[in-house]
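Chemist: Here it is: the structure, laid out below.
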Amino acid sequence: MQSAIEQLNSRLQHHQLKELIADYQSVSGVLQAAQLQHIYQLACSSEVKYLFLQNVAAHLLEASPLPSEAVALIDDIDKLSFFTPGLKFQNAFCITDNQGNTLLHHLFTQCQTDKLPFNYLRSLMLFESNESLGVALKTLNKQQLSPIGCFIALNSTTQMLAKHEFSALLAMMEVDQSHSPSAVSALVNTLKQFYGTNQPTNADSKVLLCAAYLQVPTAQLLNSLNQ
């Protein structure tokens with residue numbers, strides 16, 4: 001892995017983009033993921049080179065699909081923003097890891113309260129050519145959870161979202177309105193595990209979000225959670 005990173009650095013230093021792309025296409029998904037992460041780390045350490053490195057990453061993702069090993073890499077809005085120019089290629093939003101997670105599953109599970117991605121993603125859906133983004137929102141992982149389901153049931157955020165983020169999340173819920181019985185059961189059971197021995201109420205933000213997502217009364221959801 002170290003040699004692949006060293007070769008990447010050499011290509012970047014000499015602005016050998018064609019050779020860099022050829023190198024990238026010739027290595028395993030594990031090494032591709034390591035190179036993408038390295039490029040992001042370089043960009044974060046140099047504001048002057050940020051746009052150049054962002055362009056390099058976009059060329060790599062255009063030349064070769066996002067490796068499944070890199071799906072979990074994009075777990076906050078800063079990384080999402082950096083890789084966005086390249087994610088419109090090769091149906092990147094729909095690529096899954098070995099647990100069936102898209103990058104949205106990881107992003108929605110890990111995102112922090114002060115850096116929520118929903119308003120940003122809604123803008124991508126409205127103004128950019130990202131058809132795979134809508135498909136990814138409906139994708140169920142091996143736990144039968146969608147990305148929004150992961151945010152509701154697994155993310156540590158428990159406070160009500162800021163108005164613009166809440167509005168954006170509701171808009172994305174409208175994209176994902178078909179819920180199979182197995183998906184509903186998985187979401188309710190996972191949310192029940194999140195609360196543990198605590199007794200959720202109709203004032204809890206997660207209860208309100210889950211009820212809105214499943215389009216059921218909060219009383220009905222609470223009854224399921226408290227059983």
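If you're wondering about the labels, chains in the structure tokens are A, B, ... by order shown, residues count from 1 in each chain, ligands from 1 in order shown.
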Find the residues around stretch 100-104 of chain A up to 8 Å (only C-alpha atoms counted), leave out those fewer than 4 positions away in its own chain, and share them as a VMD selection string.
Modeler: chain A and resid 71 to 75 93 to 96 108 136 to 137 139 to 142 147
Chemist: Keeping only N, CA and C atoms, write the selected residues to a file as a PDB file, in the first residue's frame.
Modeler:
ATOM      1  N   VAL A  71     -16.762   3.147   0.047  1.00  0.00           N
ATOM      2  CA  VAL A  71     -18.111   3.611   0.359  1.00  0.00           C
ATOM      3  C   VAL A  71     -18.177   4.212   1.760  1.00  0.00           C
ATOM      4  N   ALA A  72     -17.535   3.560   2.721  1.00  0.00           N
ATOM      5  CA  ALA A  72     -17.580   4.026   4.109  1.00  0.00           C
ATOM      6  C   ALA A  72     -16.715   5.259   4.338  1.00  0.00           C
ATOM      7  N   LEU A  73     -15.874   5.591   3.371  1.00  0.00           N
ATOM      8  CA  LEU A  73     -14.990   6.755   3.523  1.00  0.00           C
ATOM      9  C   LEU A  73     -15.778   8.053   3.613  1.00  0.00           C
ATOM     10  N   ILE A  74     -16.863   8.147   2.855  1.00  0.00           N
ATOM     11  CA  ILE A  74     -17.605   9.403   2.765  1.00  0.00           C
ATOM     12  C   ILE A  74     -18.654   9.434   3.868  1.00  0.00           C
ATOM     13  N   ASP A  75     -18.203   9.799   5.072  1.00  0.00           N
ATOM     14  CA  ASP A  75     -19.074   9.721   6.248  1.00  0.00           C
ATOM     15  C   ASP A  75     -19.359  11.067   6.896  1.00  0.00           C
ATOM     16  N   PHE A  93     -23.432   6.869  -6.154  1.00  0.00           N
ATOM     17  CA  PHE A  93     -24.286   6.878  -4.969  1.00  0.00           C
ATOM     18  C   PHE A  93     -24.931   5.510  -4.719  1.00  0.00           C
ATOM     19  N   CYS A  94     -25.047   4.704  -5.768  1.00  0.00           N
ATOM     20  CA  CYS A  94     -25.729   3.415  -5.641  1.00  0.00           C
ATOM     21  C   CYS A  94     -24.792   2.261  -5.326  1.00  0.00           C
ATOM     22  N   ILE A  95     -23.499   2.476  -5.376  1.00  0.00           N
ATOM     23  CA  ILE A  95     -22.547   1.404  -5.098  1.00  0.00           C
ATOM     24  C   ILE A  95     -22.608   1.038  -3.618  1.00  0.00           C
ATOM     25  N   THR A  96     -22.565  -0.248  -3.335  1.00  0.00           N
ATOM     26  CA  THR A  96     -22.711  -0.721  -1.955  1.00  0.00           C
ATOM     27  C   THR A  96     -21.467  -1.474  -1.484  1.00  0.00           C
ATOM     28  N   PHE A 108     -25.413   9.139   6.658  1.00  0.00           N
ATOM     29  CA  PHE A 108     -26.553   9.442   7.523  1.00  0.00           C
ATOM     30  C   PHE A 108     -26.378   8.857   8.922  1.00  0.00           C
ATOM     31  N   ALA A 136     -30.376   5.706  -4.570  1.00  0.00           N
ATOM     32  CA  ALA A 136     -29.647   5.353  -3.343  1.00  0.00           C
ATOM     33  C   ALA A 136     -30.491   5.601  -2.104  1.00  0.00           C
ATOM     34  N   LEU A 137     -31.321   6.639  -2.121  1.00  0.00           N
ATOM     35  CA  LEU A 137     -32.172   6.933  -0.969  1.00  0.00           C
ATOM     36  C   LEU A 137     -33.151   5.794  -0.673  1.00  0.00           C
ATOM     37  N   THR A 139     -32.439   2.560  -1.321  1.00  0.00           N
ATOM     38  CA  THR A 139     -31.704   1.300  -1.194  1.00  0.00           C
ATOM     39  C   THR A 139     -31.713   0.788   0.237  1.00  0.00           C
ATOM     40  N   LEU A 140     -32.061  -0.475   0.407  1.00  0.00           N
ATOM     41  CA  LEU A 140     -32.042  -1.119   1.723  1.00  0.00           C
ATOM     42  C   LEU A 140     -30.750  -1.910   1.868  1.00  0.00           C
ATOM     43  N   ASN A 141     -30.117  -1.783   3.030  1.00  0.00           N
ATOM     44  CA  ASN A 141     -28.921  -2.582   3.287  1.00  0.00           C
ATOM     45  C   ASN A 141     -29.325  -3.966   3.788  1.00  0.00           C
ATOM     46  N   LYS A 142     -28.357  -4.765   4.215  1.00  0.00           N
ATOM     47  CA  LYS A 142     -28.663  -6.130   4.647  1.00  0.00           C
ATOM     48  C   LYS A 142     -29.482  -6.168   5.928  1.00  0.00           C
ATOM     49  N   PRO A 147     -31.048   4.600   3.941  1.00  0.00           N
ATOM     50  CA  PRO A 147     -30.218   5.647   4.544  1.00  0.00           C
ATOM     51  C   PRO A 147     -30.976   6.497   5.561  1.00  0.00           C
TER      52      PRO A 147
END
Chemist: Could you find all residues in stretch 57-225 of chain A that DSSP calls alpha helix (DSSP H) from the backbone, and write them as a PyMOL selection string?
Modeler: chain A and resi 57-63+77-87+103-110+118-127+131-137+147-154+163-175+181-195+205-214+218-225
Chemist: Please provide the set of residues having any atom within 10 Å of A:Leu209, restricted to only C-alpha atoms, with same-chain residues fewer than 6 positions apart removed, written as a list in words.
Modeler: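 The residues that qualify are Ile148, Gly149, Phe151, Ile152, Ala153, Met160, Leu161, Phe166, Leu169, Leu170, Met173, Gln215 and Thr218 of chain A.
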Chemist: Please produce a file of those selected residues containing C-alpha atoms, as a compact mmCIF listing (two decimals), in the first residue's frame.
Modeler:
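Below is the file that was written, part-v9.txt:
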# COMPACT_ATOMS: atom_id res chain seq x y z
CA ILE A 148 -33.00 7.69 6.17
CA GLY A 149 -33.83 4.70 8.35
CA PHE A 151 -30.32 8.28 10.42
CA ILE A 152 -33.49 7.79 12.44
CA ALA A 153 -32.52 4.57 14.19
CA MET A 160 -34.78 18.40 16.66
CA LEU A 161 -33.09 19.42 13.41
CA PHE A 166 -35.61 19.30 8.70
CA LEU A 169 -35.02 15.69 5.14
CA LEU A 170 -38.80 15.74 4.70
CA MET A 173 -38.59 11.27 2.66
CA GLN A 215 -46.53 8.05 7.50
CA THR A 218 -47.09 8.86 16.52
Chemist: With distances taken over only C-alpha atoms, which residue among A:Thr157, A:Asn226, A:Asn189, A:Gln90 lies nearest A:Thr109?
Modeler: A:Thr157
Chemist: For A:Phe194, list every protein, DNA or RNA residue within 8 Å, evaluated using only C-alpha atoms, and leave out those in the same chain fewer than 3 positions away; present the list as a list in words.
Modeler: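 Residues near the query, excluding close chain neighbours: Ala153, Leu154, Thr190 and Leu191 of chain A.
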Chemist: Using only C-alpha atoms, find the one residue out of A:Leu60, A:Val175, A:Ile77, A:Met1 that sits nearest to A:Ser28.
Modeler: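 Looking only at the distances to A:Ser28, the closest residue turns out to be A:Met1.
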Chemist: Which residue out of A:Gln143, A:Asn155, A:Ser123, A:Ser180 has the minimum interatomic distance to A:Gln110 when only C-alpha atoms are used?
Modeler: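 With only C-alpha atoms as the atom set, the closest residue is A:Asn155.
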Chemist: For A:Arg122, which residue out of A:Gln193, A:Ser167, A:Ser81, A:Asn198 is the nearest one, using only C-alpha atoms?
Modeler: A:Ser167
Chemist: Could you list, as number ranges by chain, every residue within 9 Å of A:Leu222, counting only C-alpha atoms and ignoring same-chain residues fewer than 3 positions away?
Modeler: A: 200-202, 207, 217-219, 225-227
Chemist: Nearest residue to A:Asp97 out of A:Leu121, A:Leu126, A:Ala70, A:Leu145, using only C-alpha atoms?
Modeler: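 Closest to A:Asp97 of all the choices is A:Ala70.
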Chemist: Between A:Ser156, A:Ser224, A:Gln7, A:Ser64, single out the one closest to A:Lys192, counting only C-alpha atoms.
Modeler: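 Counting only C-alpha atoms, the residue closest to A:Lys192 is A:Ser224.
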